[in-house]
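Participant: Input structure: work-v3.txt, which contains compact mmCIF, C-alpha atoms.
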```txt
# COMPACT_ATOMS: atom_id res chain seq x y z
CA MET G 1160 -40.67 -33.24 -205.74
CA LYS G 1161 -41.99 -35.73 -203.23
CA SER G 1162 -40.48 -39.02 -202.15
CA ASP G 1163 -43.39 -41.14 -203.41
CA ASN G 1164 -43.27 -39.52 -206.85
CA ILE G 1165 -39.58 -40.27 -207.16
CA ILE G 1166 -40.09 -43.90 -206.15
CA LYS G 1167 -42.82 -44.19 -208.80
CA LEU G 1168 -40.34 -43.02 -211.43
CA LEU G 1169 -37.75 -45.67 -210.52
CA PRO G 1170 -37.20 -48.06 -213.42
CA TYR G 1171 -37.18 -51.30 -211.36
CA GLY G 1172 -39.67 -54.13 -211.08
CA PRO G 1173 -40.88 -55.40 -207.68
CA GLU G 1174 -38.24 -58.15 -207.26
CA PHE G 1175 -35.43 -55.66 -207.77
CA LEU G 1176 -36.70 -52.54 -206.05
CA PHE G 1177 -34.74 -51.85 -202.88
CA VAL G 1178 -36.30 -48.56 -201.76
CA ASP G 1179 -39.25 -48.28 -199.34
CA LYS G 1180 -39.22 -44.58 -198.58
CA LEU G 1181 -37.09 -41.45 -198.85
CA THR G 1182 -37.01 -39.38 -195.67
CA ILE G 1183 -34.82 -36.50 -196.91
CA ILE G 1184 -34.40 -35.40 -200.50
CA SER G 1185 -32.52 -32.35 -201.71
CA SER G 1186 -30.02 -31.51 -204.40
CA GLU G 1187 -27.22 -32.25 -201.93
CA ARG G 1188 -28.46 -35.18 -199.86
CA VAL G 1189 -30.84 -38.12 -199.92
CA ASP G 1190 -31.80 -40.34 -196.98
CA GLY G 1191 -33.95 -43.39 -197.44
CA TYR G 1192 -34.63 -46.84 -196.08
CA TYR G 1193 -35.46 -50.36 -197.13
CA THR G 1194 -36.46 -53.46 -195.17
CA PHE G 1195 -35.18 -56.70 -196.65
CA LYS G 1196 -38.11 -59.11 -196.72
CA LYS G 1197 -37.47 -62.48 -195.12
CA ASP G 1198 -38.48 -64.18 -198.36
CA GLU G 1199 -36.34 -62.21 -200.84
CA TYR G 1200 -35.54 -64.65 -203.66
CA PHE G 1201 -31.77 -64.55 -203.16
CA TYR G 1202 -31.79 -65.76 -199.55
CA LYS G 1203 -32.42 -69.37 -200.45
CA SER G 1204 -29.15 -69.51 -202.42
CA HIS G 1205 -26.95 -66.95 -200.64
CA PHE G 1206 -25.92 -68.90 -198.78
CA LYS G 1207 -27.35 -72.46 -198.72
CA ASN G 1208 -29.04 -72.77 -195.30
CA ASN G 1209 -27.41 -69.54 -194.16
CA PRO G 1210 -29.22 -66.51 -195.55
CA VAL G 1211 -27.18 -63.28 -195.67
CA THR G 1212 -27.89 -60.27 -197.90
CA PRO G 1213 -25.38 -60.34 -200.78
CA GLY G 1214 -22.95 -57.41 -200.94
CA VAL G 1215 -24.00 -56.71 -204.52
CA ILE G 1216 -27.59 -56.28 -203.32
CA LEU G 1217 -26.43 -53.88 -200.59
CA ILE G 1218 -24.63 -51.88 -203.30
CA GLU G 1219 -27.77 -51.97 -205.42
CA CYS G 1220 -29.84 -50.65 -202.51
CA MET G 1221 -27.26 -47.90 -201.88
CA ALA G 1222 -27.24 -47.01 -205.59
CA GLN G 1223 -31.02 -46.98 -205.98
CA ILE G 1224 -31.50 -44.62 -203.03
CA GLY G 1225 -28.25 -42.68 -203.21
CA LEU G 1226 -27.69 -42.30 -206.93
CA VAL G 1227 -30.86 -43.00 -208.87
CA CYS G 1228 -33.34 -41.26 -206.54
CA MET G 1229 -31.05 -38.24 -206.27
CA GLY G 1230 -30.50 -38.25 -210.04
CA ILE G 1231 -34.24 -38.28 -210.71
CA TYR G 1232 -34.65 -35.44 -208.23
CA LEU G 1233 -31.88 -33.42 -209.89
CA LEU G 1234 -33.30 -33.96 -213.39
CA ASN G 1235 -36.82 -33.15 -212.26
CA SER G 1236 -36.06 -30.16 -210.09
CA GLU G 1237 -38.74 -28.15 -211.86
CA GLU G 1238 -41.38 -30.76 -211.01
CA VAL G 1239 -41.61 -31.98 -214.57
CA SER G 1240 -41.61 -35.74 -214.61
CA VAL G 1241 -39.39 -37.18 -217.27
CA LYS G 1242 -38.32 -40.73 -217.87
CA THR G 1243 -34.73 -41.35 -216.98
CA THR G 1244 -32.05 -43.67 -218.26
CA VAL G 1245 -29.54 -44.79 -215.69
CA ALA G 1246 -26.22 -46.58 -215.99
CA PHE G 1247 -24.11 -47.54 -213.02
CA SER G 1248 -20.51 -46.64 -213.84
CA ASN G 1249 -18.37 -47.09 -210.75
CA SER G 1250 -18.49 -48.37 -207.19
CA GLN G 1251 -15.99 -48.61 -204.39
CA VAL G 1252 -17.64 -49.96 -201.28
CA ASP G 1253 -16.46 -51.40 -197.97
CA PHE G 1254 -18.74 -53.85 -196.17
CA LEU G 1255 -18.43 -53.82 -192.40
CA ILE G 1256 -21.37 -55.74 -190.91
CA PRO G 1257 -23.64 -58.41 -192.45
CA VAL G 1258 -27.33 -57.70 -193.09
CA PHE G 1259 -29.72 -60.59 -192.36
CA PRO G 1260 -33.26 -61.30 -193.65
CA GLY G 1261 -35.86 -58.92 -192.21
CA GLU G 1262 -33.38 -56.16 -191.33
CA LYS G 1263 -34.13 -52.52 -192.09
CA VAL G 1264 -31.29 -50.44 -193.49
CA ASN G 1265 -30.98 -46.67 -193.70
CA VAL G 1266 -29.04 -45.16 -196.57
CA VAL G 1267 -27.51 -41.68 -196.45
CA SER G 1268 -26.10 -40.22 -199.64
CA GLU G 1269 -24.21 -36.97 -200.11
CA LYS G 1270 -23.54 -35.56 -203.54
CA VAL G 1271 -19.91 -35.12 -204.55
CA TYR G 1272 -20.79 -33.73 -207.95
CA PHE G 1273 -23.37 -33.86 -210.74
CA ARG G 1274 -21.75 -32.74 -213.96
CA PHE G 1275 -22.30 -33.63 -217.59
CA ASN G 1276 -24.95 -36.11 -216.42
CA LYS G 1277 -22.51 -37.99 -214.22
CA LEU G 1278 -23.53 -38.19 -210.59
CA LYS G 1279 -21.01 -39.16 -207.93
CA CYS G 1280 -22.04 -39.63 -204.31
CA LYS G 1281 -20.59 -40.70 -200.98
CA VAL G 1282 -23.02 -43.26 -199.63
CA LYS G 1283 -23.35 -44.89 -196.21
CA MET G 1284 -25.66 -47.65 -195.04
CA PHE G 1285 -26.65 -48.14 -191.41
CA ASN G 1286 -28.60 -50.93 -189.67
CA GLU G 1287 -31.40 -50.34 -187.17
CA LYS G 1288 -28.94 -50.12 -184.29
CA GLY G 1289 -27.31 -47.22 -186.12
CA GLU G 1290 -24.17 -49.23 -186.87
CA LEU G 1291 -22.37 -48.52 -190.12
CA VAL G 1292 -22.97 -51.51 -192.39
CA ALA G 1293 -21.31 -50.31 -195.60
CA LYS G 1294 -19.79 -47.16 -197.00
CA GLY G 1295 -18.29 -46.05 -200.25
CA GLU G 1296 -18.46 -43.95 -203.35
CA LEU G 1297 -20.78 -44.67 -206.24
CA SER G 1298 -21.16 -43.01 -209.61
CA GLY G 1299 -23.48 -43.34 -212.53
CA MET G 1300 -24.74 -41.66 -215.64
CA ILE G 1301 -28.25 -40.25 -215.33
CA LYS G 1302 -29.96 -38.84 -218.38
CA LYS G 1303 -33.35 -37.86 -219.57
CA TYR G 1304 -34.73 -40.69 -221.63
CA GLU G 1305 -34.51 -40.03 -225.35
CA LYS G 1306 -35.89 -42.39 -227.92
CA MET R 110 1.14 -22.43 -222.75
CA THR R 111 2.20 -24.17 -225.94
CA SER R 112 0.35 -27.18 -227.34
CA GLU R 113 3.32 -29.32 -226.41
CA GLU R 114 3.26 -28.16 -222.78
CA ILE R 115 -0.46 -28.84 -222.58
CA TYR R 116 -0.04 -32.28 -224.17
CA ILE R 117 2.58 -33.27 -221.59
CA LYS R 118 0.10 -32.43 -218.84
CA ILE R 119 -2.92 -34.22 -220.32
CA GLU R 120 -1.22 -37.41 -221.45
CA PRO R 121 -0.97 -38.85 -217.90
CA ILE R 122 -4.64 -38.02 -217.30
CA ILE R 123 -5.66 -39.98 -220.39
CA LYS R 124 -3.39 -42.90 -219.42
CA ASN R 125 -5.18 -43.09 -216.11
CA TYR R 126 -8.54 -43.83 -217.76
CA LEU R 127 -7.37 -45.90 -220.70
CA PRO R 128 -9.00 -49.35 -220.82
CA GLU R 129 -6.60 -52.23 -220.16
CA ASP R 130 -6.90 -53.58 -223.67
CA VAL R 131 -5.75 -50.33 -225.28
CA SER R 132 -2.00 -49.73 -225.45
CA LYS R 133 -0.60 -46.45 -224.17
CA MET R 134 1.25 -46.27 -227.49
CA GLU R 135 -2.06 -45.62 -229.20
CA ILE R 136 -2.46 -42.24 -227.55
CA SER R 137 -1.91 -39.48 -230.06
CA ARG R 138 -3.34 -36.04 -230.62
CA GLU R 139 -5.51 -37.34 -233.43
CA SER R 140 -6.86 -40.49 -231.81
CA ASP R 141 -10.59 -40.36 -231.19
CA LEU R 142 -11.12 -40.59 -227.43
CA THR R 143 -14.23 -42.75 -227.48
CA LYS R 144 -14.02 -44.60 -230.79
CA GLU R 145 -10.28 -45.35 -230.97
CA LEU R 146 -9.08 -45.16 -227.36
CA ASN R 147 -12.33 -46.78 -226.22
CA ILE R 148 -12.84 -44.42 -223.29
CA ASN R 149 -16.42 -44.70 -222.02
CA SER R 150 -18.67 -41.72 -221.41
CA ALA R 151 -18.29 -41.87 -217.62
CA HIS R 152 -14.49 -41.82 -217.87
CA LEU R 153 -14.60 -39.05 -220.45
CA ILE R 154 -16.23 -36.94 -217.75
CA ASP R 155 -13.52 -37.96 -215.26
CA ILE R 156 -10.95 -36.76 -217.78
CA VAL R 157 -12.75 -33.44 -218.22
CA LEU R 158 -12.95 -32.93 -214.43
CA ASP R 159 -9.23 -33.72 -214.06
CA VAL R 160 -8.41 -31.31 -216.90
CA GLU R 161 -10.44 -28.61 -215.11
CA ASP R 162 -8.41 -29.14 -211.93
CA VAL R 163 -5.00 -29.29 -213.60
CA PHE R 164 -5.55 -26.19 -215.75
CA ASP R 165 -7.90 -24.34 -213.38
CA ILE R 166 -10.58 -23.83 -216.03
CA GLU R 167 -14.31 -24.49 -216.29
CA ILE R 168 -15.62 -26.67 -219.09
CA LYS R 169 -19.27 -26.35 -220.09
CA ASN R 170 -21.73 -28.85 -221.56
CA GLU R 171 -21.42 -27.35 -225.02
CA ASP R 172 -17.61 -27.57 -224.81
CA LEU R 173 -17.82 -31.26 -223.98
CA GLU R 174 -19.89 -32.01 -227.06
CA LYS R 175 -17.09 -30.71 -229.28
CA LEU R 176 -14.33 -32.84 -227.80
CA ARG R 177 -13.40 -35.73 -230.12
CA ASN R 178 -9.63 -36.05 -229.81
CA LEU R 179 -6.72 -34.58 -227.86
CA ASN R 180 -6.23 -31.77 -230.36
CA ASP R 181 -9.75 -30.60 -229.50
CA VAL R 182 -8.90 -30.80 -225.79
CA ILE R 183 -5.64 -28.87 -226.32
CA ASN R 184 -7.42 -26.17 -228.34
CA LEU R 185 -10.12 -25.82 -225.71
CA ILE R 186 -7.52 -25.46 -222.94
CA LYS R 187 -5.61 -22.85 -224.98
CA GLN R 188 -8.79 -20.90 -225.54
CA LYS R 189 -9.73 -21.03 -221.83
CA THR R 190 -6.31 -20.15 -220.45
CA ASP R 191 -5.67 -17.23 -222.80
```
Starting from the coordinates I provided, produce the structure as structure tokens.

Facilitator:
Amino acid sequence: MKSDNIIKLLPYGPEFLFVDKLTIISSERVDGYYTFKKDEYFYKSHFKNNPVTPGVILIECMAQIGLVCMGIYLLNSEEVSVKTTVAFSNSQVDFLIPVFPGEKVNVVSEKVYFRFNKLKCKVKMFNEKGELVAKGELSGMIKKYEK
Amino acid sequence: MTSEEIYIKIEPIIKNYLPEDVSKMEISRESDLTKELNINSAHLIDIVLDVEDVFDIEIKNEDLEKLRNLNDVINLIKQKTD
């Protein structure tokens, strides 16, 4: 399954999609990147006159690439596209360096386990200089969508 | 292993994932894990993975579907460790 197909299956609208491209995708590891646009809607309020990417948005970016993209890949390993339902269940993340408007971040995610539809990953985020921006463990429930 | 020995080993696992608003006193062999103890589906899987480690067994998808209360968990462990 190709990177672009996975991104098409992501359930987010344009203002809340934090994935540009996946560079590696396998059942064990996903690498991807996102460039924060200078005019993302949250910069005008976080903070007033001092735009910094909120930590929750960094977690969201790490989860979209590291958990959701990998989950879609794992559920669609036979190249059948199915709709997925995702629920974020746990995060433990350390933030080390701030990310400013216009910065590109690379996310590297390694699977810890995928069992009973629960996916747990170790996820790291790096800036363009290759410095570790954030790291942690994220888990979520990923299921085929059933009406 | 007797049911009692198994129960002593799984009780601390359950306590670990019990929501803050549920008293530890409410844990019994009959209490429904999701409906009465209010354990969410993600934590139910954490419990199953911990049970696998503690008892060195493998639990399958179809086993998980049958687990409602601690008696079910105890019976499953007995069956797998026989």

Participant: Output as a list of chain:residue names the set of chain G residues within 7 Å of chain R, with distances taken over all atoms listed in the file.

Facilitator: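 Close to chain R, chain G has G:Ser1248, G:Phe1275, G:Lys1277, G:Met1300.
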
Participant: Compile the contact shell of Lys1270 (chain G) as a VMD selection string: residues with an atom at most 10 Å away, counting all atoms listed in the file, same-chain residues fewer than 3 positions apart removed.

Facilitator: chain G and resid 1185 to 1189 1225 to 1226 1229 to 1230 1273 1278 to 1282 1296 to 1298

Participant: Hey, can you spit out that residue selection with C-alpha atoms as a compact mmCIF listing (two decimals), keeping the file's coordinate frame?

Facilitator:
```
# COMPACT_ATOMS: atom_id res chain seq x y z
CA SER G 1185 -32.52 -32.35 -201.71
CA SER G 1186 -30.02 -31.51 -204.40
CA GLU G 1187 -27.22 -32.25 -201.93
CA ARG G 1188 -28.46 -35.18 -199.86
CA VAL G 1189 -30.84 -38.12 -199.92
CA GLY G 1225 -28.25 -42.68 -203.21
CA LEU G 1226 -27.69 -42.30 -206.93
CA MET G 1229 -31.05 -38.24 -206.27
CA GLY G 1230 -30.50 -38.25 -210.04
CA PHE G 1273 -23.37 -33.86 -210.74
CA LEU G 1278 -23.53 -38.19 -210.59
CA LYS G 1279 -21.01 -39.16 -207.93
CA CYS G 1280 -22.04 -39.63 -204.31
CA LYS G 1281 -20.59 -40.70 -200.98
CA VAL G 1282 -23.02 -43.26 -199.63
CA GLU G 1296 -18.46 -43.95 -203.35
CA LEU G 1297 -20.78 -44.67 -206.24
CA SER G 1298 -21.16 -43.01 -209.61
```

Participant: Hey, can you check how far CA of Val1258 (chain G) sits from CA of Pro1210 (chain G)?

Facilitator: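 The value is 9.3 Å.
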
Participant: Give the answer as one residue: which of R:Glu161, R:Lys124, R:Ile115, R:Arg177 has the shortest atom-to-atom distance to Thr143 (chain R), using all atoms listed in the file?

Facilitator: R:Arg177

Participant: Can you tell me, as a list in words, what residues are no more than 12 Å from Met134 (chain R) when counting all atoms listed in the file, ignoring any on the same chain fewer than 4 positions away?

Facilitator: Glu120, Ile123, Lys124, Leu127, Asp130, Arg138, Ser140 and Leu146 of chain R

Participant: How would you write as a PyMOL selection string the residues that get within 12 Å of (-32.4, -65.0, -201.6) in the file's frame, counting all atoms listed in the file?

Facilitator: chain G and resi 1174-1175+1195-1213+1216+1259-1261

Participant: Select, from R:Ile136, R:Ile186, R:Val131, R:Met110, the residue with the minimum atom-to-atom distance to Asp162 (chain R), counting all atoms listed in the file.

Facilitator: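 With all atoms listed in the file as the atom set, the closest residue is R:Ile186.
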
Participant: Which neighbours of Tyr1304 (chain G) fall inside 10 Å, counting all atoms listed in the file, when residues of the same chain fewer than 6 positions from it are skipped, and could you give them as a list in words?

Facilitator: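 Here the qualifying residues turn out to be Val1241, Lys1242, Thr1243, Thr1244 and Val1245 of chain G.
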
Participant: For CA of Asp159 (chain R) and CA of Tyr1232 (chain G), determine how far apart the two atoms are, in Å to one decimal place.

Facilitator: 26.1 Å

Participant: Reconstruct N, CA and C atoms of region 137-160 of chain R from the incomplete input and present them as an mmCIF file, keeping the file's coordinate frame.

Facilitator:
```cif
data_model
loop_
_atom_site.group_PDB
_atom_site.id
_atom_site.type_symbol
_atom_site.label_atom_id
_atom_site.label_comp_id
_atom_site.auth_asym_id
_atom_site.auth_seq_id
_atom_site.Cartn_x
_atom_site.Cartn_y
_atom_site.Cartn_z
ATOM 1 N N SER R 137 -2.501 -40.531 -229.237
ATOM 2 C CA SER R 137 -1.910 -39.480 -230.060
ATOM 3 C C SER R 137 -2.889 -38.310 -230.055
ATOM 4 N N ARG R 138 -2.456 -37.214 -230.617
ATOM 5 C CA ARG R 138 -3.340 -36.040 -230.620
ATOM 6 C C ARG R 138 -4.554 -36.231 -231.520
ATOM 7 N N GLU R 139 -4.410 -37.143 -232.477
ATOM 8 C CA GLU R 139 -5.510 -37.340 -233.430
ATOM 9 C C GLU R 139 -6.444 -38.467 -233.026
ATOM 10 N N SER R 140 -6.009 -39.324 -232.081
ATOM 11 C CA SER R 140 -6.860 -40.490 -231.810
ATOM 12 C C SER R 140 -8.179 -40.074 -231.157
ATOM 13 N N ASP R 141 -9.248 -40.650 -231.690
ATOM 14 C CA ASP R 141 -10.590 -40.360 -231.190
ATOM 15 C C ASP R 141 -10.736 -40.973 -229.786
ATOM 16 N N LEU R 142 -11.116 -40.146 -228.834
ATOM 17 C CA LEU R 142 -11.120 -40.590 -227.430
ATOM 18 C C LEU R 142 -12.074 -41.754 -227.185
ATOM 19 N N THR R 143 -13.262 -41.677 -227.758
ATOM 20 C CA THR R 143 -14.230 -42.750 -227.480
ATOM 21 C C THR R 143 -14.127 -43.886 -228.490
ATOM 22 N N LYS R 144 -13.983 -43.550 -229.768
ATOM 23 C CA LYS R 144 -14.020 -44.600 -230.790
ATOM 24 C C LYS R 144 -12.699 -45.361 -230.885
ATOM 25 N N GLU R 145 -11.571 -44.659 -230.800
ATOM 26 C CA GLU R 145 -10.280 -45.350 -230.970
ATOM 27 C C GLU R 145 -9.654 -45.727 -229.626
ATOM 28 N N LEU R 146 -9.683 -44.830 -228.664
ATOM 29 C CA LEU R 146 -9.080 -45.160 -227.360
ATOM 30 C C LEU R 146 -10.069 -45.888 -226.458
ATOM 31 N N ASN R 147 -11.329 -45.969 -226.926
ATOM 32 C CA ASN R 147 -12.330 -46.780 -226.220
ATOM 33 C C ASN R 147 -12.624 -46.300 -224.793
ATOM 34 N N ILE R 148 -12.539 -44.997 -224.600
ATOM 35 C CA ILE R 148 -12.840 -44.420 -223.290
ATOM 36 C C ILE R 148 -14.362 -44.255 -223.186
ATOM 37 N N ASN R 149 -14.957 -44.782 -222.112
ATOM 38 C CA ASN R 149 -16.420 -44.700 -222.020
ATOM 39 C C ASN R 149 -16.871 -43.310 -221.552
ATOM 40 N N SER R 150 -18.168 -43.070 -221.664
ATOM 41 C CA SER R 150 -18.670 -41.720 -221.410
ATOM 42 C C SER R 150 -18.445 -41.276 -219.965
ATOM 43 N N ALA R 151 -18.508 -42.233 -219.026
ATOM 44 C CA ALA R 151 -18.290 -41.870 -217.620
ATOM 45 C C ALA R 151 -16.830 -41.454 -217.388
ATOM 46 N N HIS R 152 -15.910 -42.173 -218.028
ATOM 47 C CA HIS R 152 -14.490 -41.820 -217.870
ATOM 48 C C HIS R 152 -14.130 -40.548 -218.624
ATOM 49 N N LEU R 153 -14.845 -40.302 -219.717
ATOM 50 C CA LEU R 153 -14.600 -39.050 -220.450
ATOM 51 C C LEU R 153 -14.883 -37.862 -219.516
ATOM 52 N N ILE R 154 -15.903 -38.007 -218.693
ATOM 53 C CA ILE R 154 -16.230 -36.940 -217.750
ATOM 54 C C ILE R 154 -15.154 -36.838 -216.660
ATOM 55 N N ASP R 155 -14.635 -37.997 -216.220
ATOM 56 C CA ASP R 155 -13.520 -37.960 -215.260
ATOM 57 C C ASP R 155 -12.334 -37.200 -215.839
ATOM 58 N N ILE R 156 -12.065 -37.442 -217.123
ATOM 59 C CA ILE R 156 -10.950 -36.760 -217.780
ATOM 60 C C ILE R 156 -11.196 -35.250 -217.788
ATOM 61 N N VAL R 157 -12.410 -34.864 -218.168
ATOM 62 C CA VAL R 157 -12.750 -33.440 -218.220
ATOM 63 C C VAL R 157 -12.601 -32.790 -216.842
ATOM 64 N N LEU R 158 -13.047 -33.501 -215.792
ATOM 65 C CA LEU R 158 -12.950 -32.930 -214.430
ATOM 66 C C LEU R 158 -11.490 -32.812 -214.002
ATOM 67 N N ASP R 159 -10.662 -33.800 -214.368
ATOM 68 C CA ASP R 159 -9.230 -33.720 -214.060
ATOM 69 C C ASP R 159 -8.571 -32.567 -214.821
ATOM 70 N N VAL R 160 -8.957 -32.412 -216.085
ATOM 71 C CA VAL R 160 -8.410 -31.310 -216.900
ATOM 72 C C VAL R 160 -8.784 -29.965 -216.260
#
```
